[in-house]
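Take a look at the structure set out below.
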Amino acid sequence: MSQPELEVADSVGRLMEFWGFKRPMGRIWTLLYLAPDPLGAAEIGEALRMSAGAVSMAMGELVKWGAVKKSWRPGERRDFYEAETSIGRLVQRVLRERELALVRGFGEALEAALRGLPSDRGQKPGALAFKRERLAELRRLARLGESLLTALVAGKTVDPTPILKMYGGGS
């Protein structure tokens with residue numbers, strides 16, 4: 001792997017780390033994405049100066065996320081790997097399986113909090129109404145986030161106007 005390719009692999013690794021994945025996953029995916037033919041784990045480790053164990057662990061995660069798929073060569077007993085080349089499909093899967101689940105859980109927690117608020121007794125006048133309104137605002141945000149993520153996952157065009165209107169950035 002050339003120095004410019006290693007720099008790209010490191011940049012993608014940092015980007016994936018920012019998204020909450022391990023940096024080696026991004027480096028391996030990039031190596032495979034730039035490779036004209038599937039590579040074996042030993043070749044990956046050698047190119048990226050990674051141990052067999054580190055390659056194996058990262059490869060398991062990449063396969064689980066659908067970012068890498070196994071392939072075989074006739075007459076070979078070992079596995080070879082190639083990158084998923086549809087970046088849009090990768091992003092959709094992460095949004096569906098991680099971010100959308102997180103936003104849905106947030107919405108459910110807000111619903112439970114609204115149902116579990118105590119009565120007005122013993123509170124400063126208007127305090128409960130204030131809390132209900134704030135929780136309702138967060139619930140609206142969670143619903144909006146869920147609908148936007150659902151649209152993105154479905155491959156639909158997303159209109160940011162509702163967000164802008166809801167939070168003062170639109171006309």
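Labels used: A, B, ... for chains in the order of the structure tokens, numbers from 1 for residues in each chain, and numbers from 1 for ligands as shown.
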- Message: Report as number ranges by chain all protein, DNA and RNA residues lying within 7 Å of Val158 (chain A), evaluated on only C-alpha atoms, omitting residues in the same chain fewer than 5 positions from it.
- Response: A: 148, 151-152
- Task: Name the residues of region 56-163 of chain A that fall into strand (DSSP E or B) according to DSSP on the backbone, using the chain letters and numbers of this document, as a ChimeraX atom specification.
- Result: /A:68-71,80-83
Writing out the chosen residues with C-alpha atoms as an mmCIF file, in the first residue's frame:
data_model
loop_
_atom_site.group_PDB
_atom_site.id
_atom_site.type_symbol
_atom_site.label_atom_id
_atom_site.label_comp_id
_atom_site.auth_asym_id
_atom_site.auth_seq_id
_atom_site.Cartn_x
_atom_site.Cartn_y
_atom_site.Cartn_z
ATOM 1 C CA VAL A 68 -17.049 -6.231 4.267
ATOM 2 C CA LYS A 69 -18.057 -9.561 2.795
ATOM 3 C CA LYS A 70 -16.193 -12.835 2.567
ATOM 4 C CA SER A 71 -15.276 -14.284 -0.777
ATOM 5 C CA PHE A 80 -10.730 -13.505 1.349
ATOM 6 C CA TYR A 81 -12.511 -10.229 1.925
ATOM 7 C CA GLU A 82 -13.859 -7.424 -0.195
ATOM 8 C CA ALA A 83 -15.427 -4.104 0.731
#
- Item | Nearest candidate to Pro4 (chain A) (options A:Leu34, A:Arg143, A:Ser56, A:Phe106; using only C-alpha atoms) | A:Leu34
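Distances here use only C-alpha atoms; by that measure, the residue among A:Leu114, A:Met1, A:Ala154, A:Leu15 closest to Gly45 (chain A) is A:Met1.
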